[in-house]
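Visitor: You'll find start.cif just under this line, and it carries mmCIF, C-alpha atoms and all ligand atoms.
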```cif
data_protein
loop_
_atom_site.group_PDB
_atom_site.id
_atom_site.type_symbol
_atom_site.label_atom_id
_atom_site.label_comp_id
_atom_site.auth_asym_id
_atom_site.auth_seq_id
_atom_site.Cartn_x
_atom_site.Cartn_y
_atom_site.Cartn_z
ATOM 1 C CA MET A 162 -22.317 -18.629 15.407
ATOM 2 C CA HIS A 163 -25.753 -20.077 16.026
ATOM 3 C CA ALA A 164 -26.407 -22.942 18.404
ATOM 4 C CA ILE A 165 -29.667 -23.769 16.621
ATOM 5 C CA GLU A 166 -30.859 -22.974 13.104
ATOM 6 C CA LEU A 167 -34.147 -23.938 11.491
ATOM 7 C CA TYR A 168 -35.054 -23.027 7.950
ATOM 8 C CA ASN A 169 -38.510 -23.647 6.450
ATOM 9 C CA VAL A 170 -39.222 -26.639 8.662
ATOM 10 C CA TYR A 171 -42.518 -28.513 8.344
ATOM 11 C CA LYS A 172 -44.031 -31.328 10.394
ATOM 12 C CA SER A 173 -47.434 -33.015 10.226
ATOM 13 C CA TYR A 174 -49.039 -35.703 12.358
ATOM 14 C CA ASN A 175 -51.477 -37.871 10.380
ATOM 15 C CA ASN A 176 -51.626 -35.255 7.614
ATOM 16 C CA LYS A 177 -52.435 -32.512 10.124
ATOM 17 C CA PRO A 178 -49.784 -29.765 9.855
ATOM 18 C CA VAL A 179 -48.317 -28.936 13.272
ATOM 19 C CA LEU A 180 -45.238 -26.929 12.221
ATOM 20 C CA ARG A 181 -45.484 -24.719 9.171
ATOM 21 C CA ASN A 182 -42.491 -23.068 7.556
ATOM 22 C CA ILE A 183 -40.603 -22.666 10.829
ATOM 23 C CA THR A 184 -37.509 -20.471 10.511
ATOM 24 C CA PHE A 185 -35.508 -19.108 13.447
ATOM 25 C CA THR A 186 -32.028 -19.096 14.942
ATOM 26 C CA VAL A 187 -30.690 -19.299 18.490
ATOM 27 C CA PRO A 188 -27.407 -17.442 19.044
ATOM 28 C CA GLN A 189 -24.637 -19.156 20.954
ATOM 29 C CA SER A 190 -24.410 -18.230 24.663
ATOM 30 C CA SER A 191 -27.931 -16.820 24.585
ATOM 31 C CA ILE A 192 -30.813 -17.744 26.842
ATOM 32 C CA THR A 193 -33.569 -18.007 24.281
ATOM 33 C CA GLY A 194 -37.190 -18.330 25.341
ATOM 34 C CA PHE A 195 -39.474 -20.379 23.076
ATOM 35 C CA ILE A 196 -42.868 -19.001 23.902
ATOM 36 C CA GLY A 197 -46.276 -20.105 22.742
ATOM 37 C CA PRO A 198 -49.675 -21.196 24.028
ATOM 38 C CA ASN A 199 -50.582 -24.850 24.672
ATOM 39 C CA GLY A 200 -50.613 -26.912 21.509
ATOM 40 C CA SER A 201 -48.681 -24.361 19.449
ATOM 41 C CA GLY A 202 -45.913 -26.804 18.494
ATOM 42 C CA LYS A 203 -43.188 -26.213 21.110
ATOM 43 C CA THR A 204 -42.742 -29.838 22.189
ATOM 44 C CA THR A 205 -42.818 -31.037 18.590
ATOM 45 C CA THR A 206 -40.053 -28.564 17.701
ATOM 46 C CA ILE A 207 -38.025 -29.611 20.740
ATOM 47 C CA LYS A 208 -38.425 -33.301 19.927
ATOM 48 C CA ILE A 209 -37.131 -32.617 16.411
ATOM 49 C CA LEU A 210 -34.191 -30.580 17.766
ATOM 50 C CA SER A 211 -33.383 -33.396 20.217
ATOM 51 C CA GLY A 212 -33.400 -36.005 17.458
ATOM 52 C CA LEU A 213 -36.411 -37.831 18.947
ATOM 53 C CA ILE A 214 -38.627 -37.348 15.903
ATOM 54 C CA ARG A 215 -37.966 -36.423 12.311
ATOM 55 C CA LYS A 216 -38.994 -33.289 10.450
ATOM 56 C CA ASP A 217 -40.943 -33.688 7.198
ATOM 57 C CA LYS A 218 -39.185 -30.908 5.315
ATOM 58 C CA GLY A 219 -36.673 -28.095 5.818
ATOM 59 C CA VAL A 220 -33.152 -27.655 7.162
ATOM 60 C CA ILE A 221 -32.134 -28.012 10.812
ATOM 61 C CA ARG A 222 -28.728 -27.432 12.338
ATOM 62 C CA VAL A 223 -28.001 -28.025 16.019
ATOM 63 C CA LEU A 224 -24.395 -27.034 16.765
ATOM 64 C CA GLU A 225 -23.958 -27.172 12.983
ATOM 65 C CA GLU A 226 -25.156 -30.781 12.735
ATOM 66 C CA ASP A 227 -28.381 -32.451 11.642
ATOM 67 C CA PRO A 228 -29.924 -33.689 14.912
ATOM 68 C CA TRP A 229 -31.645 -36.748 13.417
ATOM 69 C CA ASP A 230 -29.896 -39.986 14.402
ATOM 70 C CA ASN A 231 -26.751 -38.154 15.428
ATOM 71 C CA PRO A 232 -24.922 -39.720 18.399
ATOM 72 C CA LYS A 233 -22.249 -37.009 18.257
ATOM 73 C CA LEU A 234 -24.813 -34.440 19.370
ATOM 74 C CA LYS A 235 -25.884 -36.536 22.363
ATOM 75 C CA ARG A 236 -22.527 -35.690 23.972
ATOM 76 C CA LYS A 237 -22.924 -31.964 23.417
ATOM 77 C CA VAL A 238 -26.637 -31.365 24.007
ATOM 78 C CA SER A 239 -28.676 -31.999 27.173
ATOM 79 C CA VAL A 240 -32.460 -32.061 27.187
ATOM 80 C CA ILE A 241 -34.557 -31.267 30.248
ATOM 81 C CA PHE A 242 -38.261 -32.017 30.623
ATOM 82 C CA THR A 243 -41.037 -30.892 32.960
ATOM 83 C CA LYS A 244 -40.816 -34.060 35.017
ATOM 84 C CA LEU A 245 -37.851 -36.117 36.098
ATOM 85 C CA PRO A 246 -37.577 -39.247 34.004
ATOM 86 C CA TYR A 247 -35.393 -40.839 36.721
ATOM 87 C CA PRO A 248 -35.765 -44.085 38.700
ATOM 88 C CA PRO A 249 -37.753 -42.906 41.752
ATOM 89 C CA ASN A 250 -36.196 -45.446 44.135
ATOM 90 C CA ASP A 251 -32.612 -44.369 43.530
ATOM 91 C CA THR A 252 -31.166 -41.895 45.985
ATOM 92 C CA VAL A 253 -29.960 -38.613 44.573
ATOM 93 C CA GLU A 254 -26.380 -39.732 45.199
ATOM 94 C CA GLU A 255 -26.858 -43.101 43.461
ATOM 95 C CA TYR A 256 -28.492 -41.530 40.466
ATOM 96 C CA LEU A 257 -25.949 -38.761 39.969
ATOM 97 C CA SER A 258 -22.943 -41.037 40.626
ATOM 98 C CA ASP A 259 -24.209 -43.614 38.111
ATOM 99 C CA LEU A 260 -24.656 -40.891 35.537
ATOM 100 C CA ASN A 261 -21.268 -39.440 36.287
ATOM 101 C CA SER A 262 -19.544 -42.790 35.778
ATOM 102 C CA ILE A 263 -20.391 -42.183 32.112
ATOM 103 C CA PHE A 264 -19.762 -38.459 31.818
ATOM 104 C CA LYS A 265 -17.038 -37.846 34.423
ATOM 105 C CA GLY A 266 -18.009 -34.282 35.294
ATOM 106 C CA ASP A 267 -17.151 -32.455 38.518
ATOM 107 C CA LEU A 268 -20.088 -33.791 40.517
ATOM 108 C CA SER A 269 -19.048 -32.613 43.987
ATOM 109 C CA LYS A 270 -18.529 -29.057 42.724
ATOM 110 C CA LEU A 271 -21.972 -29.067 41.097
ATOM 111 C CA ILE A 272 -23.651 -30.446 44.229
ATOM 112 C CA LYS A 273 -22.136 -27.610 46.237
ATOM 113 C CA GLU A 274 -23.029 -24.954 43.659
ATOM 114 C CA PHE A 275 -26.627 -26.158 43.534
ATOM 115 C CA ASN A 276 -26.905 -26.417 47.321
ATOM 116 C CA LEU A 277 -27.925 -30.068 47.306
ATOM 117 C CA SER A 278 -25.464 -31.600 49.807
ATOM 118 C CA GLU A 279 -28.117 -32.235 52.451
ATOM 119 C CA HIS A 280 -30.432 -34.045 50.033
ATOM 120 C CA LEU A 281 -28.004 -36.643 48.673
ATOM 121 C CA LYS A 282 -29.389 -39.550 50.736
ATOM 122 C CA LYS A 283 -33.007 -38.841 49.795
ATOM 123 C CA LYS A 284 -34.790 -40.981 47.255
ATOM 124 C CA ILE A 285 -35.652 -39.135 44.057
ATOM 125 C CA SER A 286 -39.357 -39.728 44.777
ATOM 126 C CA GLN A 287 -38.958 -37.819 48.076
ATOM 127 C CA LEU A 288 -37.677 -34.616 46.501
ATOM 128 C CA SER A 289 -39.761 -31.501 46.050
ATOM 129 C CA SER A 290 -40.407 -30.536 42.424
ATOM 130 C CA GLY A 291 -37.902 -27.694 42.731
ATOM 131 C CA GLN A 292 -35.173 -29.983 44.114
ATOM 132 C CA ALA A 293 -35.929 -32.533 41.402
ATOM 133 C CA GLN A 294 -35.433 -29.879 38.726
ATOM 134 C CA LYS A 295 -32.086 -28.943 40.279
ATOM 135 C CA ILE A 296 -31.080 -32.598 39.891
ATOM 136 C CA GLN A 297 -32.063 -32.374 36.233
ATOM 137 C CA LEU A 298 -29.879 -29.290 35.852
ATOM 138 C CA ILE A 299 -26.902 -31.016 37.469
ATOM 139 C CA ALA A 300 -27.488 -34.130 35.367
ATOM 140 C CA ALA A 301 -27.622 -31.906 32.292
ATOM 141 C CA LEU A 302 -24.323 -30.230 33.196
ATOM 142 C CA LEU A 303 -22.332 -33.406 33.926
ATOM 143 C CA LYS A 304 -21.548 -33.951 30.266
ATOM 144 C CA ASN A 305 -20.325 -30.359 30.003
ATOM 145 C CA PRO A 306 -22.794 -29.613 27.206
ATOM 146 C CA GLU A 307 -22.666 -26.723 24.764
ATOM 147 C CA LEU A 308 -26.441 -26.509 24.583
ATOM 148 C CA ILE A 309 -29.293 -27.252 26.995
ATOM 149 C CA ILE A 310 -32.792 -27.584 25.573
ATOM 150 C CA ALA A 311 -35.532 -27.427 28.201
ATOM 151 C CA ASP A 312 -39.201 -28.185 27.512
ATOM 152 C CA GLU A 313 -41.432 -26.350 30.013
ATOM 153 C CA PRO A 314 -38.938 -27.055 32.840
ATOM 154 C CA THR A 315 -40.780 -24.911 35.375
ATOM 155 C CA ALA A 316 -44.350 -26.030 34.639
ATOM 156 C CA ASN A 317 -44.523 -28.041 37.902
ATOM 157 C CA LEU A 318 -42.790 -25.494 40.098
ATOM 158 C CA ASP A 319 -44.229 -22.913 42.463
ATOM 159 C CA PRO A 320 -43.332 -19.256 41.801
ATOM 160 C CA GLN A 321 -40.413 -19.273 44.275
ATOM 161 C CA ALA A 322 -38.893 -22.440 42.797
ATOM 162 C CA ARG A 323 -39.349 -20.988 39.310
ATOM 163 C CA LEU A 324 -37.363 -17.893 40.215
ATOM 164 C CA GLU A 325 -34.663 -20.076 41.746
ATOM 165 C CA PHE A 326 -34.584 -22.252 38.639
ATOM 166 C CA TYR A 327 -34.089 -19.246 36.366
ATOM 167 C CA GLU A 328 -31.408 -17.857 38.691
ATOM 168 C CA LEU A 329 -29.535 -21.152 38.224
ATOM 169 C CA VAL A 330 -29.968 -20.908 34.463
ATOM 170 C CA ARG A 331 -28.367 -17.480 34.530
ATOM 171 C CA PHE A 332 -25.545 -18.832 36.691
ATOM 172 C CA MET A 333 -24.993 -21.771 34.328
ATOM 173 C CA VAL A 334 -24.732 -19.553 31.267
ATOM 174 C CA LYS A 335 -22.179 -17.355 33.005
ATOM 175 C CA GLU A 336 -20.167 -20.076 34.707
ATOM 176 C CA TYR A 337 -20.363 -22.890 32.145
ATOM 177 C CA ASN A 338 -20.833 -20.908 28.937
ATOM 178 C CA VAL A 339 -23.791 -22.997 27.860
ATOM 179 C CA THR A 340 -26.571 -21.892 25.507
ATOM 180 C CA PHE A 341 -30.140 -22.342 26.774
ATOM 181 C CA PHE A 342 -33.253 -22.883 24.686
ATOM 182 C CA ILE A 343 -36.241 -22.946 27.050
ATOM 183 C CA SER A 344 -39.889 -23.365 26.151
ATOM 184 C CA SER A 345 -42.739 -22.007 28.193
ATOM 185 C CA HIS A 346 -46.287 -20.794 27.853
ATOM 186 C CA ILE A 347 -45.713 -18.372 30.713
ATOM 187 C CA LEU A 348 -43.650 -15.385 29.773
ATOM 188 C CA SER A 349 -43.528 -13.368 32.968
ATOM 189 C CA GLU A 350 -40.683 -15.185 34.774
ATOM 190 C CA LEU A 351 -38.752 -16.068 31.639
ATOM 191 C CA GLU A 352 -38.850 -12.429 30.628
ATOM 192 C CA LYS A 353 -36.371 -11.561 33.382
ATOM 193 C CA VAL A 354 -33.761 -14.062 32.326
ATOM 194 C CA ILE A 355 -33.919 -14.467 28.545
ATOM 195 C CA THR A 356 -31.794 -12.532 26.085
ATOM 196 C CA HIS A 357 -33.650 -13.672 22.955
ATOM 197 C CA ILE A 358 -37.151 -14.799 22.215
ATOM 198 C CA VAL A 359 -38.984 -16.896 19.647
ATOM 199 C CA PHE A 360 -42.775 -16.705 19.604
ATOM 200 C CA ILE A 361 -44.728 -19.588 18.124
ATOM 201 C CA ASN A 362 -48.463 -19.730 17.603
ATOM 202 C CA ASN A 363 -50.412 -22.463 15.887
ATOM 203 C CA GLY A 364 -47.296 -23.923 14.296
ATOM 204 C CA VAL A 365 -46.082 -20.610 12.878
ATOM 205 C CA ILE A 366 -43.297 -18.337 14.149
ATOM 206 C CA THR A 367 -44.869 -14.965 14.863
ATOM 207 C CA ALA A 368 -41.817 -13.022 16.042
ATOM 208 C CA THR A 369 -38.201 -13.641 16.879
ATOM 209 C CA GLY A 370 -35.176 -11.605 17.941
ATOM 210 C CA GLU A 371 -33.407 -9.938 20.824
ATOM 211 C CA ILE A 372 -35.779 -9.358 23.669
ATOM 212 C CA ASN A 373 -35.137 -5.619 23.853
ATOM 213 C CA ASP A 374 -35.713 -5.156 20.125
ATOM 214 C CA ILE A 375 -38.933 -7.150 20.162
ATOM 215 C CA GLU A 376 -40.263 -5.236 23.124
ATOM 216 C CA ALA A 377 -39.368 -1.930 21.515
ATOM 217 C CA LYS A 378 -40.650 -2.878 18.080
ATOM 218 C CA ILE A 379 -43.998 -4.234 19.080
ATOM 219 C CA SER A 380 -45.037 -2.484 22.227
ATOM 220 C CA SER A 381 -43.256 0.792 21.278
ATOM 221 C CA ASN A 382 -44.731 3.529 23.386
ATOM 222 C CA GLU A 383 -48.068 1.904 24.034
ATOM 223 C CA ILE A 384 -49.786 2.968 27.249
ATOM 224 C CA LEU A 385 -52.761 1.352 28.962
ATOM 225 C CA LEU A 386 -54.982 3.565 31.073
ATOM 226 C CA LEU A 387 -57.781 2.740 33.447
ATOM 227 C CA VAL A 388 -59.908 5.811 34.107
ATOM 228 C CA ARG A 389 -63.140 6.585 35.898
ATOM 229 C CA GLU A 390 -64.900 8.300 32.976
ATOM 230 C CA LYS A 391 -63.942 6.228 29.954
ATOM 231 C CA GLU A 392 -66.148 7.899 27.334
ATOM 232 C CA LYS A 393 -65.016 11.391 28.285
ATOM 233 C CA ALA A 394 -61.360 10.286 28.314
ATOM 234 C CA LEU A 395 -61.719 8.736 24.852
ATOM 235 C CA LYS A 396 -62.917 12.107 23.518
ATOM 236 C CA ILE A 397 -60.063 14.000 25.174
ATOM 237 C CA LEU A 398 -57.530 11.549 23.754
ATOM 238 C CA ALA A 399 -59.113 11.456 20.276
ATOM 239 C CA LYS A 400 -55.987 12.798 18.534
ATOM 240 C CA TYR A 401 -54.071 9.710 19.729
ATOM 241 C CA ASN A 402 -56.591 7.354 18.106
ATOM 242 C CA PRO A 403 -57.276 5.471 21.338
ATOM 243 C CA THR A 404 -58.600 1.918 21.288
ATOM 244 C CA LEU A 405 -60.074 -0.261 24.012
ATOM 245 C CA ASP A 406 -58.313 -3.269 25.528
ATOM 246 C CA GLY A 407 -60.765 -4.772 27.995
ATOM 247 C CA ALA A 408 -61.364 -2.145 30.645
ATOM 248 C CA TYR A 409 -58.269 -0.229 29.526
ATOM 249 C CA ILE A 410 -57.848 2.575 27.030
ATOM 250 C CA LYS A 411 -54.845 1.936 24.827
ATOM 251 C CA VAL A 412 -52.933 4.866 23.333
ATOM 252 C CA LYS A 413 -49.531 5.414 21.791
ATOM 253 C CA GLY A 414 -47.697 8.588 22.703
ATOM 254 C CA ASN A 415 -45.787 10.525 25.300
ATOM 255 C CA LEU A 416 -46.876 9.466 28.787
ATOM 256 C CA ARG A 417 -46.386 12.910 30.388
ATOM 257 C CA GLU A 418 -48.420 14.663 27.678
ATOM 258 C CA ILE A 419 -51.237 12.165 27.916
ATOM 259 C CA VAL A 420 -51.446 12.385 31.701
ATOM 260 C CA ASP A 421 -51.428 16.210 31.548
ATOM 261 C CA LEU A 422 -54.220 16.195 28.998
ATOM 262 C CA LEU A 423 -56.366 13.930 31.174
ATOM 263 C CA ASP A 424 -55.552 16.046 34.231
ATOM 264 C CA ASP A 425 -56.686 19.178 32.415
ATOM 265 C CA GLY A 426 -59.914 17.397 31.529
ATOM 266 C CA LYS A 427 -60.367 16.420 35.223
ATOM 267 C CA ILE A 428 -60.256 12.725 34.395
ATOM 268 C CA GLU A 429 -59.304 10.541 37.318
ATOM 269 C CA ILE A 430 -56.682 7.959 36.317
ATOM 270 C CA LEU A 431 -57.053 4.725 38.311
ATOM 271 C CA SER A 432 -54.118 2.880 36.769
ATOM 272 C CA ILE A 433 -51.450 3.401 34.136
ATOM 273 C CA ARG A 434 -49.220 0.767 32.686
ATOM 274 C CA LYS A 435 -46.846 0.516 29.767
ATOM 275 C CA ALA A 436 -47.469 -2.468 27.529
ATOM 276 C CA SER A 437 -45.442 -5.394 28.883
ATOM 277 C CA LEU A 438 -43.951 -8.304 27.032
ATOM 278 C CA ASP A 439 -46.963 -10.277 28.206
ATOM 279 C CA ASP A 440 -49.191 -7.931 26.201
ATOM 280 C CA VAL A 441 -46.925 -8.475 23.233
ATOM 281 C CA PHE A 442 -47.203 -12.210 23.737
ATOM 282 C CA ARG A 443 -50.987 -12.037 23.886
ATOM 283 C CA LYS A 444 -51.038 -9.959 20.746
ATOM 284 C CA LEU A 445 -48.732 -12.334 18.871
ATOM 285 C CA SER A 446 -50.449 -15.473 20.133
ATOM 286 C CA GLY A 447 -53.977 -14.272 19.600
ATOM 287 C CA VAL A 448 -54.898 -15.271 23.180
HETATM 288 N N1 LIG B 501 -47.807 -37.809 18.440
HETATM 289 C C1 LIG B 501 -48.744 -36.971 18.025
HETATM 290 N N2 LIG B 501 -49.712 -37.372 17.179
HETATM 291 C C2 LIG B 501 -50.664 -36.520 16.734
HETATM 292 N N3 LIG B 501 -50.746 -35.215 17.070
HETATM 293 C C3 LIG B 501 -49.813 -34.746 17.916
HETATM 294 C C4 LIG B 501 -48.774 -35.593 18.438
HETATM 295 N N4 LIG B 501 -47.986 -34.828 19.255
HETATM 296 C C5 LIG B 501 -48.519 -33.577 19.243
HETATM 297 N N5 LIG B 501 -49.609 -33.526 18.436
HETATM 298 C C6 LIG B 501 -50.423 -32.320 18.158
HETATM 299 O O1 LIG B 501 -49.550 -31.329 17.644
HETATM 300 C C7 LIG B 501 -49.915 -30.034 18.105
HETATM 301 C C8 LIG B 501 -48.716 -29.381 18.778
HETATM 302 O O2 LIG B 501 -48.403 -30.085 19.953
HETATM 303 P P1 LIG B 501 -47.117 -29.769 20.843
HETATM 304 O O3 LIG B 501 -47.092 -30.772 21.942
HETATM 305 O O4 LIG B 501 -45.929 -29.674 19.968
HETATM 306 O O5 LIG B 501 -47.474 -28.316 21.384
HETATM 307 P P2 LIG B 501 -46.915 -27.516 22.629
HETATM 308 O O6 LIG B 501 -46.775 -26.116 22.163
HETATM 309 O O7 LIG B 501 -45.713 -28.190 23.177
HETATM 310 O O8 LIG B 501 -48.099 -27.603 23.660
HETATM 311 P P3 LIG B 501 -48.075 -27.750 25.272
HETATM 312 O O9 LIG B 501 -47.610 -26.423 25.794
HETATM 313 O O10 LIG B 501 -49.504 -28.046 25.563
HETATM 314 O O11 LIG B 501 -47.153 -28.892 25.586
HETATM 315 C C9 LIG B 501 -51.102 -30.240 19.027
HETATM 316 O O12 LIG B 501 -52.265 -29.969 18.300
HETATM 317 C C10 LIG B 501 -51.012 -31.709 19.393
HETATM 318 O O13 LIG B 501 -52.282 -32.230 19.668
#
```
What is this file in C-alpha cells?

Guide:
Amino acid sequence: MHAIELYNVYKSYNNKPVLRNITFTVPQSSITGFIGPNGSGKTTTIKILSGLIRKDKGVIRVLEEDPWDNPKLKRKVSVIFTKLPYPPNDTVEEYLSDLNSIFKGDLSKLIKEFNLSEHLKKKISQLSSGQAQKIQLIAALLKNPELIIADEPTANLDPQARLEFYELVRFMVKEYNVTFFISSHILSELEKVITHIVFINNGVITATGEINDIEAKISSNEILLLVREKEKALKILAKYNPTLDGAYIKVKGNLREIVDLLDDGKIEILSIRKASLDDVFRKLSGV
C-alpha cells in the first residue's frame, strides 16, 4: 500500500504554474526524500498533502483519503516544519504535557528515548535548534501517527544535529512503524537514511523510485577523474567518449581498465570518484 499518492496534480499561484502534472507515490514504511532546489515546489506540495492549501487539478490520496478538509487525517498524520511553531515561553514539560492531554501517548517513554529528561524545565526559547527539533519529533509521535511529513526539518541544524535527527528518524521508522516523507534541498545527509526518493525541479517530477535503483539507473558506472594532463588523458580515453564536468573528466566504463589505460599512458591521476547521488541530483535539477 502507498502512504501517499499523487496523480497529475497541478497548482498555480496567481496564474503562475508552480506544480505541473505531479505524479508520484510514497510506499508505506518507507523513508522517502523529497529533493529539489529552492523554489522547486516542495513546500507547496507539502502544504497540499497536509490539507493546508488546495490543489487545482489531479488526484491526491494520503493514507487513502483526500487530504483537503479532512479531520480524520489530522489524527493519523503529523507535519514537522523547519522551525518550532510552539509558544516560546512554555517549558518543554508544559508544552509536551499539554499536547499529550489531547493525544495520550507514552510521553515519559518518548522523553527517555529522545534523551531529553534533563531539558524538561527549560523554556522552548532556550533550546538549541537540535533539541527543538527533537521536541517536534516527540510532539509528532504523541498521536501515534501512520505518516510524518517533514518540510526541510534540518535546515536550521548544524551537521552533527542533522545526523542525530536522521538517526532518530531511522529509529522511529523501526520502532513506531511510521512512514516518513521528508523534503530537503541537501541530499548528502538524507542519502544515508532514505529508502526512496522523489526529485522535483521547477514544479516537475524529474525522477522517482527506490534509492538504489535511481542511483544505478542514472549514475550507472560513471567515473569522474581529475588528472594532471587533461588533454592527453582525453585522447587516451577517446574510445570511452569522455566529457568534461568542471575540472573533471567524466567517463563510463570499468574503473580498473580505465586506470590501467591512464597508467600505461603515464597520466598522473589526482583524484577518482564514482558519480554520487549528489551528481545525480545536480543533473536532474539542472543546478
Ligand atoms: N503563496 C504564494 N503565492 C505566490 N507564489 C508562491 C506562494 N508560495 C510559493 N510561491 C511560489 O511557488 C514556487 C514554489 O515555492 P515552494 O515554496 O513550494 O518551493 P520550495 O521547493 O519549497 O522552495 P524552498 O526550498 O525555497 O522552500 C516559488 O516560485 C514561490 O515563489

Visitor: Convert the output of the PyMOL selection byres (((chain A and resi 404) around 12) and not hetatm) on the shown file into explicit residues, formatted as a ChimeraX atom specification.

Guide: /A:383-386,391-392,394-396,398-403,405-413

Visitor: If the PyMOL selection byres (((not hetatm)) within 9 of (chain B and resi 501)) is run on the structure shown, which residues does it catch, given as a list in words?

Guide: Ser173, Tyr174, Asn175, Lys177, Pro178, Val179, Leu180, Ile196, Gly197, Pro198, Asn199, Gly200, Ser201, Gly202, Lys203, Thr204, Thr205, Thr206, Ile207, Lys208, Asp312, Glu313, Ser344, Ser345, His346, Ile361, Asn362, Asn363 and Gly364 of chain A

Visitor: Of the candidates A:Ala322, A:Asn276, A:Ser258, A:Arg331, which shows the shortest atom-to-atom distance to Ala300 (chain A), using all atoms listed in the file?

Guide: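 Closest to Ala300 (chain A) of all the choices is A:Ser258.
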
Visitor: Write out as a PyMOL selection string which residues come within 8 Å of Ala301 (chain A) when counting only C-alpha atoms, dropping same-chain ones fewer than 5 positions away.

Guide: chain A and resi 239-241+306+309

Visitor: Excluding Gln321 (chain A) and residues on its chain fewer than 3 positions from it, collect all residues at most 12 Å away from it, counting all atoms listed in the file, and give them as a short mmCIF file (atom, residue, chain, number, x, y, z; two decimals) with C-alpha atoms, in the coordinates of the input.

Guide:
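File selection26.cif, as written:
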```cif
data_model
loop_
_atom_site.label_atom_id
_atom_site.label_comp_id
_atom_site.auth_asym_id
_atom_site.auth_seq_id
_atom_site.Cartn_x
_atom_site.Cartn_y
_atom_site.Cartn_z
CA SER A 290 -40.41 -30.54 42.42
CA GLY A 291 -37.90 -27.69 42.73
CA GLN A 292 -35.17 -29.98 44.11
CA THR A 315 -40.78 -24.91 35.38
CA ASN A 317 -44.52 -28.04 37.90
CA LEU A 318 -42.79 -25.49 40.10
CA LEU A 324 -37.36 -17.89 40.22
CA GLU A 325 -34.66 -20.08 41.75
CA PHE A 326 -34.58 -22.25 38.64
CA TYR A 327 -34.09 -19.25 36.37
CA GLU A 328 -31.41 -17.86 38.69
CA GLU A 350 -40.68 -15.18 34.77
#
```

Visitor: Nearest to Ile355 (chain A) among A:Ala164, A:Val170, A:Lys235, A:Thr193, with distances taken over all atoms listed in the file: which residue is it?

Guide: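 When distances to Ile355 (chain A) are compared using all atoms listed in the file, the smallest one comes from A:Thr193.
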
Visitor: Please provide the set of residues having any atom within 7 Å of Pro228 (chain A), restricted to all atoms listed in the file, with same-chain residues fewer than 6 positions apart removed, written as a list in words.

Guide: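 What passes the distance filter is Leu210, Ser211, Gly212, Arg222 and Leu234 of chain A.
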
Visitor: Mind pulling up the distance from CA of Val253 (chain A) to CA of Leu271 (chain A)?

Guide: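 For CA of Leu271 (chain A) relative to CA of Val253 (chain A), the distance reads 12.9 Å.
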
Visitor: For this file, the PyMOL selection byres (((chain A and resi 244) around 8) and not hetatm) selects which residues, as a ChimeraX atom specification?

Guide: /A:242-243,245-246,294,314,317

Visitor: Taking all atoms listed in the file into account, name the residue in A:Ile358, A:Ile299, A:Ile310, A:Met162 that is nearest to Gly266 (chain A).

Guide: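 Distance minimum relative to Gly266 (chain A) lands on A:Ile299.
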
Visitor: Restricting the calculation to only C-alpha atoms: of A:Ile263, A:Ile375, A:Leu281, A:Ile192, which residue gets closest to Lys335 (chain A)?

Guide: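 Result for the nearest residue to Lys335 (chain A): A:Ile192.
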